[in-house]
Amino acid sequence: MDSGISFKGSDPKIASKDPTTQSNYFDVYTTHISLDWHVDFDHKIISGSATHKLTVASPGVKDAIFDTLDLDVKEVVLSGQTVKYSLGKKHEVMGSALTIPLPPSLVANSKLELTVSYATTSGCTALQWLTKEQTQGKTFPYLFSQCQPIYARSLLPIQETLTSTQTYSAQVTSVLPALLSAIRVSPPSDGPPHDGKVIGKELVTYKYNQPVAIASYLIAIAAGDLRYRAFAKPPGKTWSSGIWTEPSLMDAAFWEFSEDTTRFLAAEENLVGDYRFGTYDLLVLPPSFPYGGMENACLSFLNPTLLAGDRSLVDVVVHELTHSWFGNGVTHAHASHFWLNEGWTTYMERVLQQILHGPAQRSFSYVIGNKALRDDLERYVERPKYQRLLIDFEPGEDPDEAYSSVPYQKGANLLLHLERTIGGLDVFLPYIRDYVETFSGKSITTQQWKDHLFAYFQSHGGEEKIKALDSIDWDAWFHGEGVELPVQEDLDLTLARQAYALADRWDAARAIDVSKTSFIATDLDDFNSNQRIVFLERLQGLPPLPESHIAHLGNIYKVADTSNAEIRFRFYQLALRDPSLVPQHVAEEAARWVVGDDGSGVIKGRAKFCRPVFRSIARVDRDLAVRYFEKHKAEFHPIARKLIEKVGLQLSAMSPIS
Ligand code: BES
Ligand code: ZN
């Protein structure tokens, strides 16, 4: 089915609504970017140039306007001629518009080529430069980027809107192996590291090409003492897949992900269609990486806390690879429709789990997700706008302010509700395939998604299906506020029950002297790590247990010192819950867990962990939180730092802790 819609530079309605860009991509838009970069570890900058191939959409367009943020622009050359440009006043969120005058009387479809020579600056929010101490190997520095949602503009001048996609190519000189979110042209991934040159000393040119048009938030770079190991290729597949990381992490990282990555990628292809990007590699980063995972094109970035040693956190890889279709394939039109990326990906990740591990597993993920959803909905009671699935952003509003589990979990619940209302997975899967086929390579709004849904079922089932769709309370799903889901689907609680039962036993034992309780280490023996999480979360929903009980629980179940970050995080959330009951040493342990206490830098830089832990510590002992944060602030990723500061930890900040 052909939607007949092309948004590239042609839909001013969407363009005028994109709340985060100052660029005029609807008048003139980039189709390809060539990057010529030098990674300068000494000065912590990337310098070089970005060449844009532009196509004119509006005849007579006078300027090309790009987004930039704290870039040091040196020269602009248009069709071989140096031109005058202007950099607008900096907007705190959107940065400075770079306006470049174009020749007069341009007709539609004219092509232009424009090169901006520039360097990044210390204000670059997309990059984190790590000292060698902050890496695993402690021998070489490290660099990585995070462009989503709107930080690409601090890495290169770009029309940073999701509606306009572009191909890109890059040549990057670096004294350390460099990776980009594209297909490697040279030197070969499986050749000698750093092309046989001396790592850390000699320059090598890394060449990459991204032949699939992608949105700007998927541009990425990493450079460090990196090695590659290929995963075994499933029979009949044309794509390649492998893992990158520092040498000392390679064995652990390869073991954790080698079986599931290609298995899930192949399973996903069977469900929704071919993988379009040729290469699917993973990169395990240092611990200050602020997310669990990031679906950069051809190369998902992963947090090292996923190396649990038992493959229990591979769902994050499944999530990131699923974005290859939902997000990197079908992209949301702008920040308001973010749920189309994350809600769909979360829903599909769980469909895959059901197919590979059975329905109980899928339901269990909803149980865990719904708890996170509830917490975030409660956190946003004062800002109900962010409780909505569809958020009406003001121009210049920071999309990171709204980042939460709402688009993920409310979105996934809506899709589950839809699947069941329309007749189950067998009916829904062919529709999903059609959805991906129809919109892959395009950026769409929620309305376009919904129009296609109705059109599909009109021609696959007719009246009866449309009646089912009409029975859905769309308004409540899209615009509803409050802490409840419009419809709570029945979930299979098989895996949750055991965890609930143990939590209930602790609840019942609250008044008993802890030394007289019958809890033993083996209570948790049959629990997988998700059940451990659900056990701790269930307790969090009950009145606080006495301090002695929490200490005992942490001890006998080893959840107070487990290396599984998801579990340890839940333990701290439980232990730090009631400020009046928390002994000082627990708050201090939690702080040390986040920042590390051996001088090796932040160890839990993932925002999902460090922000709430700092929030909880600050409630117990604000000075302690401030002390630890101030000391280690520079080691946090700029995004995580910003989020923690919002908790109210700046020494100068007068704002109360929320
Ligand atoms: N694309 C997101 C990460 C992201 C979203 C970064 C918005 C910046 C702005 C990624 O796919 C993601 O969802 N990561 C999750 C993984 C989890 C849901 C399995 C994370 O990091 O927690
Ligand atoms: Zn995601």
# chains A, B, ... in the order shown; residues from 1 in each chain; ligands from 1
>>> residues_near_ligand(ligand="ligand 1", cutoff="7 Å", atoms="only C-alpha atoms and all ligand atoms", output="ChimeraX atom specification")
/A:148-149,291-295,315-316,319-320,323,342,346,400,403,608
>>> residues_around(residues="Leu179 of chain A", least_positions_apart="2", cutoff="9 Å", atoms="only C-alpha atoms", output="list in words")
Pro177, Ser181, Ala182, Arg184, Tyr206, Tyr208, Ala220, Ile221, Ala222, Ala223, Gly224, Leu226 and Leu299 of chain A
>>> write_last_selection(atoms="C-alpha atoms", output="short mmCIF file (atom, residue, chain, number, x, y, z; two decimals), in the first residue's frame")
data_model
loop_
_atom_site.label_atom_id
_atom_site.label_comp_id
_atom_site.auth_asym_id
_atom_site.auth_seq_id
_atom_site.Cartn_x
_atom_site.Cartn_y
_atom_site.Cartn_z
CA PRO A 177 39.93 3.67 16.59
CA SER A 181 26.68 5.12 12.93
CA ALA A 182 27.21 3.95 9.36
CA ARG A 184 32.51 1.00 7.63
CA TYR A 206 38.39 6.01 9.25
CA TYR A 208 32.20 5.45 6.76
CA ALA A 220 26.94 9.15 16.22
CA ILE A 221 30.64 8.82 16.84
CA ALA A 222 32.76 6.98 19.40
CA ALA A 223 36.53 6.75 19.62
CA GLY A 224 38.72 4.93 22.08
CA LEU A 226 38.16 -0.26 20.74
CA LEU A 299 25.61 0.62 15.81
#
>>> residues_around(residues="Thr421 of chain A", least_positions_apart="2", cutoff="9 Å", atoms="only C-alpha atoms", output="list in words")
Leu416, His417, Leu418, Glu419, Gly423, Gly424, Lys465, Ala468, Leu469, Ser471 and Ile472 of chain A
>>> write_last_selection(atoms="N, CA, C and O atoms", output="PDB file, in the first residue's frame")
ATOM      1  N   LEU A 416      -1.123  -2.847  22.931  1.00  0.00           N
ATOM      2  CA  LEU A 416      -1.616  -4.139  23.424  1.00  0.00           C
ATOM      3  C   LEU A 416      -3.145  -4.137  23.451  1.00  0.00           C
ATOM      4  O   LEU A 416      -3.795  -5.103  23.039  1.00  0.00           O
ATOM      5  N   HIS A 417      -3.705  -3.049  23.908  1.00  0.00           N
ATOM      6  CA  HIS A 417      -5.161  -2.904  23.952  1.00  0.00           C
ATOM      7  C   HIS A 417      -5.746  -3.003  22.534  1.00  0.00           C
ATOM      8  O   HIS A 417      -6.743  -3.683  22.291  1.00  0.00           O
ATOM      9  N   LEU A 418      -5.074  -2.360  21.610  1.00  0.00           N
ATOM     10  CA  LEU A 418      -5.493  -2.367  20.209  1.00  0.00           C
ATOM     11  C   LEU A 418      -5.421  -3.786  19.635  1.00  0.00           C
ATOM     12  O   LEU A 418      -6.359  -4.259  18.975  1.00  0.00           O
ATOM     13  N   GLU A 419      -4.307  -4.440  19.896  1.00  0.00           N
ATOM     14  CA  GLU A 419      -4.113  -5.823  19.414  1.00  0.00           C
ATOM     15  C   GLU A 419      -5.266  -6.719  19.883  1.00  0.00           C
ATOM     16  O   GLU A 419      -5.840  -7.477  19.110  1.00  0.00           O
ATOM     17  N   GLY A 423      -8.667  -8.378  17.632  1.00  0.00           N
ATOM     18  CA  GLY A 423      -8.760  -9.819  17.379  1.00  0.00           C
ATOM     19  C   GLY A 423      -7.499 -10.620  17.641  1.00  0.00           C
ATOM     20  O   GLY A 423      -7.382 -11.766  17.204  1.00  0.00           O
ATOM     21  N   GLY A 424      -6.519 -10.031  18.315  1.00  0.00           N
ATOM     22  CA  GLY A 424      -5.336 -10.795  18.727  1.00  0.00           C
ATOM     23  C   GLY A 424      -4.156 -10.646  17.790  1.00  0.00           C
ATOM     24  O   GLY A 424      -4.228 -10.008  16.744  1.00  0.00           O
ATOM     25  N   LYS A 465     -14.267  -4.625  11.954  1.00  0.00           N
ATOM     26  CA  LYS A 465     -13.009  -4.137  12.518  1.00  0.00           C
ATOM     27  C   LYS A 465     -13.088  -2.632  12.824  1.00  0.00           C
ATOM     28  O   LYS A 465     -12.547  -2.155  13.818  1.00  0.00           O
ATOM     29  N   ALA A 468     -14.766  -2.118  15.987  1.00  0.00           N
ATOM     30  CA  ALA A 468     -13.852  -2.391  17.109  1.00  0.00           C
ATOM     31  C   ALA A 468     -12.944  -1.178  17.354  1.00  0.00           C
ATOM     32  O   ALA A 468     -12.745  -0.746  18.495  1.00  0.00           O
ATOM     33  N   LEU A 469     -12.400  -0.628  16.273  1.00  0.00           N
ATOM     34  CA  LEU A 469     -11.506   0.531  16.432  1.00  0.00           C
ATOM     35  C   LEU A 469     -12.258   1.738  17.003  1.00  0.00           C
ATOM     36  O   LEU A 469     -11.715   2.498  17.807  1.00  0.00           O
ATOM     37  N   SER A 471     -14.538   1.644  19.050  1.00  0.00           N
ATOM     38  CA  SER A 471     -14.867   1.460  20.473  1.00  0.00           C
ATOM     39  C   SER A 471     -13.727   1.937  21.383  1.00  0.00           C
ATOM     40  O   SER A 471     -13.887   2.038  22.594  1.00  0.00           O
ATOM     41  N   ILE A 472     -12.576   2.226  20.786  1.00  0.00           N
ATOM     42  CA  ILE A 472     -11.436   2.666  21.610  1.00  0.00           C
ATOM     43  C   ILE A 472     -11.590   4.140  21.987  1.00  0.00           C
ATOM     44  O   ILE A 472     -11.964   4.964  21.151  1.00  0.00           O
TER      45      ILE A 472
END
>>> closest_atom_pairs(of="segment 303-337 of chain A", to="segment 20-40 of chain A", cutoff="12 Å", atoms="only C-alpha atoms", output="tab-separated table")
residue	atom	partner	partner_atom	distance
A:Ala333	CA	A:Thr20	CA	11.5
A:His334	CA	A:Thr20	CA	8.2
A:Ala335	CA	A:Thr20	CA	7.8
A:Ser336	CA	A:Thr20	CA	10.3
>>> write_last_selection(atoms="C-alpha atoms", output="PDB file, in the first residue's frame")
ATOM      1  CA  ALA A 333       7.443  13.563  12.937  1.00  0.00           C
ATOM      2  CA  HIS A 334       8.595  15.581  15.949  1.00  0.00           C
ATOM      3  CA  ALA A 335       8.896  15.510  19.732  1.00  0.00           C
ATOM      4  CA  SER A 336       5.124  15.460  20.329  1.00  0.00           C
TER       5      SER A 336
END
>>> residues_around(residues="Lys201 of chain A", least_positions_apart="3", cutoff="12 Å", atoms="only C-alpha atoms", output="list in words")
Asp40, Phe41, Asp42, Phe140, Pro141, Thr173, Ser174, Val175, Leu176, Pro177, His194, Gly196, Lys197, Val198, Val204 and Asp225 of chain A
>>> write_last_selection(atoms="N, CA, C and O atoms", output="PDB file, in the first residue's frame")
ATOM      1  N   ASP A  40      40.343  15.569  18.085  1.00  0.00           N
ATOM      2  CA  ASP A  40      41.493  16.145  18.776  1.00  0.00           C
ATOM      3  C   ASP A  40      41.344  15.879  20.278  1.00  0.00           C
ATOM      4  O   ASP A  40      40.675  16.638  20.994  1.00  0.00           O
ATOM      5  N   PHE A  41      41.978  14.796  20.729  1.00  0.00           N
ATOM      6  CA  PHE A  41      41.843  14.410  22.138  1.00  0.00           C
ATOM      7  C   PHE A  41      42.545  15.405  23.063  1.00  0.00           C
ATOM      8  O   PHE A  41      42.140  15.575  24.206  1.00  0.00           O
ATOM      9  N   ASP A  42      43.601  16.057  22.554  1.00  0.00           N
ATOM     10  CA  ASP A  42      44.316  16.994  23.414  1.00  0.00           C
ATOM     11  C   ASP A  42      43.449  18.200  23.766  1.00  0.00           C
ATOM     12  O   ASP A  42      43.423  18.647  24.904  1.00  0.00           O
ATOM     13  N   PHE A 140      44.004   4.908  27.593  1.00  0.00           N
ATOM     14  CA  PHE A 140      43.722   5.877  26.533  1.00  0.00           C
ATOM     15  C   PHE A 140      42.447   6.660  26.853  1.00  0.00           C
ATOM     16  O   PHE A 140      41.546   6.116  27.498  1.00  0.00           O
ATOM     17  N   PRO A 141      42.361   7.896  26.354  1.00  0.00           N
ATOM     18  CA  PRO A 141      41.095   8.628  26.538  1.00  0.00           C
ATOM     19  C   PRO A 141      39.986   8.036  25.672  1.00  0.00           C
ATOM     20  O   PRO A 141      40.213   7.040  24.959  1.00  0.00           O
ATOM     21  N   THR A 173      39.864  11.460  11.045  1.00  0.00           N
ATOM     22  CA  THR A 173      41.222  11.104  11.471  1.00  0.00           C
ATOM     23  C   THR A 173      41.286  11.107  12.992  1.00  0.00           C
ATOM     24  O   THR A 173      40.715  11.984  13.648  1.00  0.00           O
ATOM     25  N   SER A 174      41.954  10.082  13.518  1.00  0.00           N
ATOM     26  CA  SER A 174      41.978   9.926  14.964  1.00  0.00           C
ATOM     27  C   SER A 174      43.171   9.062  15.353  1.00  0.00           C
ATOM     28  O   SER A 174      43.567   8.162  14.604  1.00  0.00           O
ATOM     29  N   VAL A 175      43.720   9.331  16.551  1.00  0.00           N
ATOM     30  CA  VAL A 175      44.811   8.476  17.026  1.00  0.00           C
ATOM     31  C   VAL A 175      44.261   7.226  17.717  1.00  0.00           C
ATOM     32  O   VAL A 175      45.017   6.347  18.104  1.00  0.00           O
ATOM     33  N   LEU A 176      42.936   7.181  17.889  1.00  0.00           N
ATOM     34  CA  LEU A 176      42.304   5.983  18.460  1.00  0.00           C
ATOM     35  C   LEU A 176      41.230   5.501  17.501  1.00  0.00           C
ATOM     36  O   LEU A 176      40.635   6.303  16.773  1.00  0.00           O
ATOM     37  N   PRO A 177      40.957   4.193  17.476  1.00  0.00           N
ATOM     38  CA  PRO A 177      39.930   3.667  16.586  1.00  0.00           C
ATOM     39  C   PRO A 177      38.621   4.455  16.707  1.00  0.00           C
ATOM     40  O   PRO A 177      38.185   4.745  17.817  1.00  0.00           O
ATOM     41  N   HIS A 194      43.292  -0.429  14.613  1.00  0.00           N
ATOM     42  CA  HIS A 194      43.882   0.850  14.221  1.00  0.00           C
ATOM     43  C   HIS A 194      44.751   0.698  12.965  1.00  0.00           C
ATOM     44  O   HIS A 194      45.794   1.340  12.827  1.00  0.00           O
ATOM     45  N   GLY A 196      46.804  -1.298  12.040  1.00  0.00           N
ATOM     46  CA  GLY A 196      48.202  -1.687  12.234  1.00  0.00           C
ATOM     47  C   GLY A 196      49.089  -0.558  12.743  1.00  0.00           C
ATOM     48  O   GLY A 196      50.279  -0.750  12.969  1.00  0.00           O
ATOM     49  N   LYS A 197      48.542   0.638  12.915  1.00  0.00           N
ATOM     50  CA  LYS A 197      49.338   1.784  13.415  1.00  0.00           C
ATOM     51  C   LYS A 197      49.362   1.768  14.946  1.00  0.00           C
ATOM     52  O   LYS A 197      48.600   1.033  15.582  1.00  0.00           O
ATOM     53  N   VAL A 198      50.248   2.613  15.511  1.00  0.00           N
ATOM     54  CA  VAL A 198      50.377   2.638  16.977  1.00  0.00           C
ATOM     55  C   VAL A 198      49.153   3.338  17.591  1.00  0.00           C
ATOM     56  O   VAL A 198      48.908   4.522  17.326  1.00  0.00           O
ATOM     57  N   VAL A 204      45.014   7.606  12.021  1.00  0.00           N
ATOM     58  CA  VAL A 204      44.442   6.735  10.984  1.00  0.00           C
ATOM     59  C   VAL A 204      43.176   7.417  10.481  1.00  0.00           C
ATOM     60  O   VAL A 204      42.468   8.072  11.248  1.00  0.00           O
ATOM     61  N   ASP A 225      40.015   3.030  22.748  1.00  0.00           N
ATOM     62  CA  ASP A 225      40.792   1.811  22.506  1.00  0.00           C
ATOM     63  C   ASP A 225      39.804   0.681  22.247  1.00  0.00           C
ATOM     64  O   ASP A 225      39.536  -0.135  23.131  1.00  0.00           O
TER      65      ASP A 225
END
>>> residues_around(residues="Phe364 of chain A", least_positions_apart="4", cutoff="9 Å", atoms="only C-alpha atoms", output="list in words")
Pro359, Ala360, Ile368, Gly369, Leu491, Asp492, Leu493, Thr494, Leu495, Ala496, Asn530 and Gln531 of chain A
>>> write_last_selection(atoms="C-alpha atoms", output="short mmCIF file (atom, residue, chain, number, x, y, z; two decimals), in the first residue's frame")
data_model
loop_
_atom_site.label_atom_id
_atom_site.label_comp_id
_atom_site.auth_asym_id
_atom_site.auth_seq_id
_atom_site.Cartn_x
_atom_site.Cartn_y
_atom_site.Cartn_z
CA PRO A 359 3.27 -15.31 26.83
CA ALA A 360 4.01 -15.27 30.57
CA ILE A 368 7.40 -4.24 35.40
CA GLY A 369 6.76 -1.48 32.86
CA LEU A 491 -2.02 -9.68 32.49
CA ASP A 492 -0.75 -13.18 33.12
CA LEU A 493 0.64 -12.92 36.65
CA THR A 494 2.27 -16.36 36.85
CA LEU A 495 5.77 -14.96 37.20
CA ALA A 496 4.75 -12.07 39.41
CA ASN A 530 13.08 -9.72 36.97
CA GLN A 531 11.27 -11.50 39.77
#
>>> atom_distance(atom1="atom CA of Asn296 of chain A", atom2="atom 1 (Zn, counted along the ligand's line) of ligand 2")
10.5 Å
>>> closest_residue(among="A:Trp344, A:Tyr118, A:Phe535, A:Tyr280", to="ligand 2", atoms="only C-alpha atoms and all ligand atoms")
A:Trp344
>>> atom_distance(atom1="atom CA of Ala591 of chain A", atom2="atom CA of Leu649 of chain A")
13.4 Å
>>> select_by_dssp(residues="segment 466-625 of chain A", states="alpha helix (DSSP H)", output="ChimeraX atom specification")
/A:466-470,474-479,494-508,529-540,547-556,565-575,584-595,607-620,622-625
>>> write_last_selection(atoms="C-alpha atoms", output="mmCIF file, in the first residue's frame")
data_model
loop_
_atom_site.group_PDB
_atom_site.id
_atom_site.type_symbol
_atom_site.label_atom_id
_atom_site.label_comp_id
_atom_site.auth_asym_id
_atom_site.auth_seq_id
_atom_site.Cartn_x
_atom_site.Cartn_y
_atom_site.Cartn_z
ATOM 1 C CA ILE A 466 -13.847 -0.460 12.180
ATOM 2 C CA LYS A 467 -16.485 -0.889 14.853
ATOM 3 C CA ALA A 468 -13.852 -2.391 17.109
ATOM 4 C CA LEU A 469 -11.506 0.531 16.432
ATOM 5 C CA ASP A 470 -14.301 3.013 17.061
ATOM 6 C CA TRP A 474 -8.767 7.563 21.571
ATOM 7 C CA ASP A 475 -9.088 10.836 23.358
ATOM 8 C CA ALA A 476 -8.358 9.240 26.732
ATOM 9 C CA TRP A 477 -5.306 7.430 25.340
ATOM 10 C CA PHE A 478 -3.838 10.411 23.506
ATOM 11 C CA HIS A 479 -4.745 13.310 25.755
ATOM 12 C CA THR A 494 2.267 -16.362 36.851
ATOM 13 C CA LEU A 495 5.772 -14.956 37.200
ATOM 14 C CA ALA A 496 4.754 -12.070 39.412
ATOM 15 C CA ARG A 497 2.825 -14.119 41.981
ATOM 16 C CA GLN A 498 5.840 -15.771 43.556
ATOM 17 C CA ALA A 499 7.449 -12.366 44.013
ATOM 18 C CA TYR A 500 4.264 -10.887 45.466
ATOM 19 C CA ALA A 501 3.945 -13.814 47.904
ATOM 20 C CA LEU A 502 7.417 -13.269 49.306
ATOM 21 C CA ALA A 503 6.792 -9.538 49.630
ATOM 22 C CA ASP A 504 3.584 -10.324 51.505
ATOM 23 C CA ARG A 505 5.515 -12.523 53.931
ATOM 24 C CA TRP A 506 7.847 -9.630 54.714
ATOM 25 C CA ASP A 507 4.890 -7.344 55.093
ATOM 26 C CA ALA A 508 3.307 -9.735 57.592
ATOM 27 C CA SER A 529 16.350 -11.236 38.119
ATOM 28 C CA ASN A 530 13.077 -9.723 36.966
ATOM 29 C CA GLN A 531 11.269 -11.503 39.770
ATOM 30 C CA ARG A 532 13.784 -10.070 42.225
ATOM 31 C CA ILE A 533 13.010 -6.646 40.843
ATOM 32 C CA VAL A 534 9.270 -7.194 41.177
ATOM 33 C CA PHE A 535 9.710 -8.451 44.744
ATOM 34 C CA LEU A 536 11.544 -5.248 45.724
ATOM 35 C CA GLU A 537 9.095 -3.052 43.861
ATOM 36 C CA ARG A 538 6.144 -4.736 45.484
ATOM 37 C CA LEU A 539 7.607 -3.950 48.898
ATOM 38 C CA GLN A 540 7.996 -0.360 47.821
ATOM 39 C CA GLU A 547 15.105 -0.301 59.272
ATOM 40 C CA SER A 548 16.203 -3.598 60.808
ATOM 41 C CA HIS A 549 14.137 -5.537 58.298
ATOM 42 C CA ILE A 550 15.532 -3.647 55.324
ATOM 43 C CA ALA A 551 19.079 -4.229 56.533
ATOM 44 C CA HIS A 552 18.372 -7.930 57.041
ATOM 45 C CA LEU A 553 16.760 -8.225 53.620
ATOM 46 C CA GLY A 554 19.691 -6.497 51.937
ATOM 47 C CA ASN A 555 22.055 -8.843 53.674
ATOM 48 C CA ILE A 556 20.540 -12.253 53.328
ATOM 49 C CA ALA A 565 22.431 -2.602 38.728
ATOM 50 C CA GLU A 566 18.698 -3.013 38.103
ATOM 51 C CA ILE A 567 18.329 -4.966 41.346
ATOM 52 C CA ARG A 568 20.678 -2.890 43.466
ATOM 53 C CA PHE A 569 18.922 0.253 42.264
ATOM 54 C CA ARG A 570 15.552 -1.119 43.457
ATOM 55 C CA PHE A 571 17.086 -1.972 46.806
ATOM 56 C CA TYR A 572 18.301 1.614 47.291
ATOM 57 C CA GLN A 573 14.927 2.964 46.248
ATOM 58 C CA LEU A 574 13.375 0.799 48.930
ATOM 59 C CA ALA A 575 15.996 1.476 51.599
ATOM 60 C CA GLN A 584 23.428 7.463 57.313
ATOM 61 C CA HIS A 585 25.612 4.647 56.066
ATOM 62 C CA VAL A 586 22.958 3.451 53.585
ATOM 63 C CA ALA A 587 22.687 6.884 51.997
ATOM 64 C CA GLU A 588 26.436 7.012 51.811
ATOM 65 C CA GLU A 589 26.685 3.565 50.225
ATOM 66 C CA ALA A 590 24.143 4.587 47.620
ATOM 67 C CA ALA A 591 26.149 7.718 46.821
ATOM 68 C CA ARG A 592 29.344 5.717 46.477
ATOM 69 C CA TRP A 593 27.558 3.228 44.250
ATOM 70 C CA VAL A 594 26.651 6.026 41.833
ATOM 71 C CA VAL A 595 29.897 7.952 41.736
ATOM 72 C CA ALA A 607 20.220 8.618 34.131
ATOM 73 C CA LYS A 608 17.678 5.959 35.053
ATOM 74 C CA PHE A 609 19.848 5.140 38.090
ATOM 75 C CA CYS A 610 21.783 8.251 39.037
ATOM 76 C CA ARG A 611 18.959 10.766 38.977
ATOM 77 C CA PRO A 612 16.508 8.948 41.268
ATOM 78 C CA VAL A 613 19.285 7.809 43.595
ATOM 79 C CA PHE A 614 20.510 11.390 43.988
ATOM 80 C CA ARG A 615 16.920 12.497 44.521
ATOM 81 C CA SER A 616 16.464 9.912 47.267
ATOM 82 C CA ILE A 617 19.803 10.674 48.932
ATOM 83 C CA ALA A 618 19.013 14.379 48.897
ATOM 84 C CA ARG A 619 15.761 13.751 50.703
ATOM 85 C CA VAL A 620 17.638 11.927 53.437
ATOM 86 C CA ARG A 622 20.945 17.007 51.260
ATOM 87 C CA ASP A 623 24.506 17.916 52.228
ATOM 88 C CA LEU A 624 25.701 14.422 51.503
ATOM 89 C CA ALA A 625 24.101 14.485 48.057
#
>>> atom_distance(atom1="atom CA of Asp398 of chain A", atom2="atom CA of Tyr380 of chain A")
15.6 Å
>>> residues_around(residues="Leu265 of chain A", least_positions_apart="3", cutoff="9 Å", atoms="only C-alpha atoms", output="CSV table (one decimal) with all heavy atoms, in the first residue's frame")
chain,number,residue,atom,x,y,z
A,260,ASP,N,21.9,-13.8,21.6
A,260,ASP,CA,20.6,-13.3,21.4
A,260,ASP,C,20.5,-12.2,20.3
A,260,ASP,O,19.5,-12.1,19.7
A,260,ASP,CB,20.2,-12.6,22.8
A,260,ASP,CG,19.9,-13.7,23.8
A,260,ASP,OD1,19.3,-14.7,23.5
A,260,ASP,OD2,20.4,-13.6,24.9
A,261,THR,N,21.6,-11.5,20.1
A,261,THR,CA,21.5,-10.4,19.1
A,261,THR,C,21.1,-10.9,17.8
A,261,THR,O,20.0,-10.4,17.2
A,261,THR,CB,22.9,-9.6,19.0
A,261,THR,OG1,23.2,-9.3,20.4
A,261,THR,CG2,22.8,-8.4,18.1
A,262,THR,N,21.8,-11.8,17.2
A,262,THR,CA,21.4,-12.2,15.8
A,262,THR,C,20.1,-13.0,15.8
A,262,THR,O,19.4,-13.0,14.9
A,262,THR,CB,22.6,-13.1,15.2
A,262,THR,OG1,22.9,-14.1,16.1
A,262,THR,CG2,23.8,-12.2,15.0
A,268,GLU,N,13.0,-10.8,14.3
A,268,GLU,CA,12.3,-9.6,14.0
A,268,GLU,C,12.1,-9.4,12.5
A,268,GLU,O,11.0,-9.0,12.0
A,268,GLU,CB,13.1,-8.4,14.5
A,268,GLU,CG,12.4,-7.0,14.3
A,268,GLU,CD,11.9,-6.4,15.6
A,268,GLU,OE1,12.5,-6.6,16.7
A,268,GLU,OE2,10.9,-5.8,15.6
A,269,GLU,N,13.1,-9.8,11.7
A,269,GLU,CA,12.9,-9.8,10.2
A,269,GLU,C,11.7,-10.7,9.8
A,269,GLU,O,11.0,-10.3,8.9
A,269,GLU,CB,14.2,-10.3,9.6
A,269,GLU,CG,15.3,-9.3,9.5
A,269,GLU,CD,16.4,-9.8,8.5
A,269,GLU,OE1,16.9,-10.9,8.7
A,269,GLU,OE2,16.8,-9.0,7.6
A,270,ASN,N,11.6,-11.8,10.4
A,270,ASN,CA,10.5,-12.7,10.1
A,270,ASN,C,9.1,-12.0,10.3
A,270,ASN,O,8.2,-12.2,9.6
A,270,ASN,CB,10.5,-14.0,10.9
A,270,ASN,CG,11.6,-14.9,10.3
A,270,ASN,OD1,12.0,-14.7,9.2
A,270,ASN,ND2,12.1,-15.8,11.2
A,275,TYR,N,15.9,-6.4,7.5
A,275,TYR,CA,16.8,-5.3,8.1
A,275,TYR,C,17.4,-4.5,7.0
A,275,TYR,O,18.0,-5.1,6.1
A,275,TYR,CB,17.8,-6.0,9.0
A,275,TYR,CG,18.8,-5.1,9.7
A,275,TYR,CD1,18.3,-4.3,10.7
A,275,TYR,CD2,20.1,-5.0,9.3
A,275,TYR,CE1,19.2,-3.4,11.4
A,275,TYR,CE2,21.0,-4.1,9.9
A,275,TYR,CZ,20.5,-3.3,10.9
A,275,TYR,OH,21.4,-2.4,11.5
A,280,TYR,N,24.6,-4.6,11.8
A,280,TYR,CA,24.1,-4.3,13.1
A,280,TYR,C,25.1,-4.6,14.2
A,280,TYR,O,25.3,-5.8,14.5
A,280,TYR,CB,22.8,-5.0,13.4
A,280,TYR,CG,22.2,-4.6,14.7
A,280,TYR,CD1,21.6,-3.4,14.9
A,280,TYR,CD2,22.4,-5.4,15.9
A,280,TYR,CE1,21.2,-2.9,16.1
A,280,TYR,CE2,21.9,-5.0,17.1
A,280,TYR,CZ,21.3,-3.7,17.2
A,280,TYR,OH,20.9,-3.3,18.4
A,318,VAL,N,17.4,-6.1,22.6
A,318,VAL,CA,16.2,-6.4,21.8
A,318,VAL,C,15.5,-5.1,21.5
A,318,VAL,O,15.0,-4.8,20.4
A,318,VAL,CB,15.3,-7.4,22.5
A,318,VAL,CG1,14.1,-7.7,21.6
A,318,VAL,CG2,16.1,-8.7,22.8
A,321,LEU,N,17.5,-3.0,18.9
A,321,LEU,CA,17.5,-3.5,17.5
A,321,LEU,C,16.1,-3.4,16.9
A,321,LEU,O,16.0,-3.2,15.7
A,321,LEU,CB,18.1,-4.9,17.4
A,321,LEU,CG,17.4,-6.1,18.0
A,321,LEU,CD1,16.3,-6.7,17.1
A,321,LEU,CD2,18.4,-7.2,18.3
A,322,THR,N,15.1,-3.4,17.8
A,322,THR,CA,13.7,-3.2,17.3
A,322,THR,C,13.5,-1.8,16.7
A,322,THR,O,12.8,-1.6,15.8
A,322,THR,CB,12.7,-3.5,18.4
A,322,THR,OG1,12.8,-4.9,18.8
A,322,THR,CG2,11.3,-3.2,18.0
>>> residues_around(residues="segment 75-83 of chain A", least_positions_apart="3", cutoff="8 Å", atoms="only C-alpha atoms", output="PyMOL selection string")
chain A and resi 100-101+112-118
>>> select_by_dssp(residues="segment 150-202 of chain A", states="strand (DSSP E)", output="PyMOL selection string")
chain A and resi 166-174+178-180+183-186
>>> closest_residue(among="A:Pro290, A:Val487, A:Ile422, A:His43", to="Ile644 of chain A", atoms="only C-alpha atoms")
A:Pro290
